[in-house]
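Here's the structure we're looking at; comments come further down.
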Amino acid sequence: MKPTKPQTILITGATGAIGGALARYYAAPGVCLILHGRNAAHLDETAAHCRAAGAEVSTIQLDLRDIPALQKKLAEIAAERLPDLVIANAGVNINTGENRAGEQWDDIEALLDINIKATFALVNSLIPAMRQRGSGQIALISSLAAYYGLPVTPSYSASKAAIKTYGEGLRGWLAHDGIQVNVVMPGYVESAMCHAMPGPKPFLWTPEKAAGFIARGLQQNKARISFPFPLNIGTWFLAVLPPSWSERILLLLNYGG
């Protein structure tokens, strides 16, 4: 069953490239957008753009690592206007750094708190109300890096693999309650986070192109929305090839860490 057109949409990380593009894509008269972000200036700018397109917009400026505060806010949202569509987009990346310095623990901990714990808390907080209503859609933003851990970003790859697996499990469980769950696995999308990542950036997409592709996939209730096609096939093969082959391929492509 295809989901109906969402009227109330919650997007975390709406100040990021993909989150902001999705907010602008969905902005239209009759749509209520609940936009989260940590950067107040960028959040206000995105909200203003969406209001100009006719959408009703409310904003949440919150550090997602504060789980109790997040849960309290989500309880208020669920009681006032439960979203039809939740896009768990907020995330951060770290890399091994110059001169093979490696990832620092404080950075790793912050990444795990935002990419995994906050995402799980977000979904867990809204599932009961969605199950009671008997409808809803949850989009979890993973990454093509979830297929095979990249030496240049091991913690990020691990966190996105967790989101991929979590979403796959939720989809089967919640389908019985009328709730659709979709795992989104982007490749390289034009953004500051993308350009900060070491290594080449093949098949780079604009945020607007990515947002349109994601939205169409959500409308069709695709279990996995992965793009671009050539990079999707390539990263999938890394996971199924013998590890020694995959390691050699990554070295040849300058992803050796």
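Chain labels A, B, ... are given in the sequence in which chains occur in the structure tokens; within each chain residues are numbered consecutively from 1, and ligands are likewise numbered from 1 in the order shown.
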DSSP on the backbone, helix (DSSP H, G or I) only: what residues of range 1-209 of chain A does that give? Format it as a PyMOL selection string. chain A and resi 17-26+40-52+67-81+98-100+105-133+144-146+154-177+192-196+207-209
Selection near range 123-140 of chain A, 7 Å with only C-alpha atoms, sequence-local residues under 4 positions removed, as an mmCIF file with N, CA and C atoms, in the first residue's frame:
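Contents of out-v9.cif, as written:
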```cif
data_model
loop_
_atom_site.group_PDB
_atom_site.id
_atom_site.type_symbol
_atom_site.label_atom_id
_atom_site.label_comp_id
_atom_site.auth_asym_id
_atom_site.auth_seq_id
_atom_site.Cartn_x
_atom_site.Cartn_y
_atom_site.Cartn_z
ATOM 1 N N GLN A 71 13.011 13.632 24.137
ATOM 2 C CA GLN A 71 11.821 12.839 24.427
ATOM 3 C C GLN A 71 10.664 13.711 24.902
ATOM 4 N N LEU A 74 9.237 15.518 21.849
ATOM 5 C CA LEU A 74 8.498 14.604 20.980
ATOM 6 C C LEU A 74 7.155 14.221 21.586
ATOM 7 N N ALA A 78 3.697 14.694 19.658
ATOM 8 C CA ALA A 78 2.760 13.585 19.475
ATOM 9 C C ALA A 78 1.373 13.929 20.012
ATOM 10 N N ASP A 84 2.677 12.722 10.035
ATOM 11 C CA ASP A 84 2.399 11.630 9.104
ATOM 12 C C ASP A 84 3.703 11.000 8.628
ATOM 13 N N LEU A 85 4.718 11.851 8.482
ATOM 14 C CA LEU A 85 6.021 11.418 7.992
ATOM 15 C C LEU A 85 7.111 11.976 8.895
ATOM 16 N N VAL A 86 8.004 11.107 9.335
ATOM 17 C CA VAL A 86 9.158 11.507 10.132
ATOM 18 C C VAL A 86 10.413 11.171 9.340
ATOM 19 N N ILE A 87 11.253 12.159 9.102
ATOM 20 C CA ILE A 87 12.507 11.939 8.388
ATOM 21 C C ILE A 87 13.649 12.144 9.367
ATOM 22 N N ALA A 88 14.250 11.046 9.806
ATOM 23 C CA ALA A 88 15.373 11.101 10.751
ATOM 24 C C ALA A 88 16.653 11.318 9.955
ATOM 25 N N ASN A 89 16.956 12.575 9.740
ATOM 26 C CA ASN A 89 18.050 12.948 8.849
ATOM 27 C C ASN A 89 19.296 13.432 9.582
ATOM 28 N N THR A 119 18.645 8.981 16.996
ATOM 29 C CA THR A 119 17.732 8.454 15.986
ATOM 30 C C THR A 119 16.825 7.387 16.587
ATOM 31 N N ILE A 163 21.907 2.116 11.514
ATOM 32 C CA ILE A 163 20.638 2.708 11.093
ATOM 33 C C ILE A 163 19.980 1.856 10.011
ATOM 34 N N GLY A 167 16.382 0.060 10.618
ATOM 35 C CA GLY A 167 15.248 0.348 9.747
ATOM 36 C C GLY A 167 14.675 -0.893 9.097
ATOM 37 N N ASP A 177 1.176 -2.789 11.734
ATOM 38 C CA ASP A 177 0.457 -1.689 12.379
ATOM 39 C C ASP A 177 0.134 -0.562 11.418
ATOM 40 N N GLY A 178 0.364 -0.779 10.123
ATOM 41 C CA GLY A 178 0.073 0.250 9.139
ATOM 42 C C GLY A 178 1.126 1.342 9.049
ATOM 43 N N ILE A 179 2.326 1.073 9.566
ATOM 44 C CA ILE A 179 3.404 2.067 9.557
ATOM 45 C C ILE A 179 4.476 1.649 8.549
ATOM 46 N N GLN A 180 4.802 2.546 7.646
ATOM 47 C CA GLN A 180 5.844 2.278 6.659
ATOM 48 C C GLN A 180 7.196 2.787 7.164
ATOM 49 N N VAL A 181 8.220 1.985 6.987
ATOM 50 C CA VAL A 181 9.577 2.373 7.365
ATOM 51 C C VAL A 181 10.467 2.213 6.140
ATOM 52 N N ASN A 182 11.235 3.246 5.852
ATOM 53 C CA ASN A 182 12.084 3.253 4.668
ATOM 54 C C ASN A 182 13.510 3.608 5.051
ATOM 55 N N VAL A 183 14.464 2.886 4.498
ATOM 56 C CA VAL A 183 15.876 3.171 4.726
ATOM 57 C C VAL A 183 16.421 3.908 3.506
ATOM 58 N N VAL A 184 16.969 5.082 3.731
ATOM 59 C CA VAL A 184 17.521 5.907 2.657
ATOM 60 C C VAL A 184 19.042 5.818 2.712
#
```
Hey, what does DSSP flag as strand (DSSP E) within range 51-82 of chain A? Can you give it to me as a list of chain:residue names?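 The strand (DSSP E) residues within range 51-82 of chain A come out as A:Glu56, A:Val57, A:Ser58, A:Thr59, A:Ile60, A:Gln61.
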Could the residues in this selection be saved with C-alpha atoms as a short mmCIF file (atom, residue, chain, number, x, y, z; two decimals), in the first residue's frame?
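Saved file result_13.cif follows:
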```cif
data_model
loop_
_atom_site.label_atom_id
_atom_site.label_comp_id
_atom_site.auth_asym_id
_atom_site.auth_seq_id
_atom_site.Cartn_x
_atom_site.Cartn_y
_atom_site.Cartn_z
CA GLU A 56 2.95 26.12 8.05
CA VAL A 57 6.30 25.83 9.84
CA SER A 58 7.40 25.33 13.42
CA THR A 59 11.02 24.95 14.45
CA ILE A 60 12.95 23.03 17.10
CA GLN A 61 16.44 24.16 18.07
#
```
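Nearest to Ala21 in chain A of all the residues A:Thr46, A:Asn115, A:Thr235, A:Asn221 is A:Thr46, counting only C-alpha atoms.
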Any idea what's packed within 8 Å of Ser159 in chain A, counting only C-alpha atoms, ignoring anything in its chain fewer than 3 positions away? Could you give it as a ChimeraX atom specification? /A:111-112,115-116,146,155-156,162-163
If you keep N, CA and C atoms, can you produce a file of those selected residues as an mmCIF file, in the first residue's frame?
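What follows is the written file again31.cif:
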```cif
data_model
loop_
_atom_site.group_PDB
_atom_site.id
_atom_site.type_symbol
_atom_site.label_atom_id
_atom_site.label_comp_id
_atom_site.auth_asym_id
_atom_site.auth_seq_id
_atom_site.Cartn_x
_atom_site.Cartn_y
_atom_site.Cartn_z
ATOM 1 N N LEU A 111 29.387 11.367 17.764
ATOM 2 C CA LEU A 111 28.820 10.788 16.548
ATOM 3 C C LEU A 111 27.817 9.683 16.881
ATOM 4 N N LEU A 112 28.188 8.785 17.785
ATOM 5 C CA LEU A 112 27.293 7.689 18.154
ATOM 6 C C LEU A 112 26.034 8.212 18.838
ATOM 7 N N ASN A 115 24.064 10.055 15.703
ATOM 8 C CA ASN A 115 23.690 9.198 14.575
ATOM 9 C C ASN A 115 22.859 7.988 14.982
ATOM 10 N N ILE A 116 23.137 7.440 16.158
ATOM 11 C CA ILE A 116 22.440 6.214 16.566
ATOM 12 C C ILE A 116 21.461 6.479 17.705
ATOM 13 N N ALA A 146 27.093 2.214 4.624
ATOM 14 C CA ALA A 146 26.598 1.153 5.500
ATOM 15 C C ALA A 146 26.865 -0.236 4.933
ATOM 16 N N SER A 155 33.889 5.000 12.024
ATOM 17 C CA SER A 155 32.789 5.190 12.968
ATOM 18 C C SER A 155 31.511 5.625 12.254
ATOM 19 N N TYR A 156 31.646 6.503 11.282
ATOM 20 C CA TYR A 156 30.486 6.932 10.501
ATOM 21 C C TYR A 156 29.872 5.746 9.771
ATOM 22 N N ALA A 162 24.285 0.619 11.441
ATOM 23 C CA ALA A 162 23.310 0.408 12.518
ATOM 24 C C ALA A 162 21.945 0.951 12.123
ATOM 25 N N ILE A 163 21.907 2.116 11.514
ATOM 26 C CA ILE A 163 20.638 2.708 11.093
ATOM 27 C C ILE A 163 19.980 1.856 10.011
#
```
Could you list, as a PyMOL selection string, every residue within 12 Å of Leu35 in chain A, counting only C-alpha atoms and ignoring same-chain residues fewer than 3 positions away? chain A and resi 8-16+19-24+26-27+32+38-40+42-48+50-51+55-62+77+83+86-90
Residue neighbourhood range 187-196 of chain A, 9 Å, only C-alpha atoms, exclusion window fewer than 2 positions, as a list of chain:residue names: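 Here the answer would be A:Gly16, A:Ala17, A:Ile18, A:Val92, A:Asn93, A:Ile94, A:Asn95, A:Ser143, A:Leu144, A:Ala145, A:Met185, A:Pro198, A:Lys201, A:Pro202, A:Phe203, A:Leu204, A:Trp205, A:Thr206, A:Pro207, A:Lys209, A:Ala210, A:Ser226, A:Phe227, A:Pro228, A:Leu231, A:Asn232.
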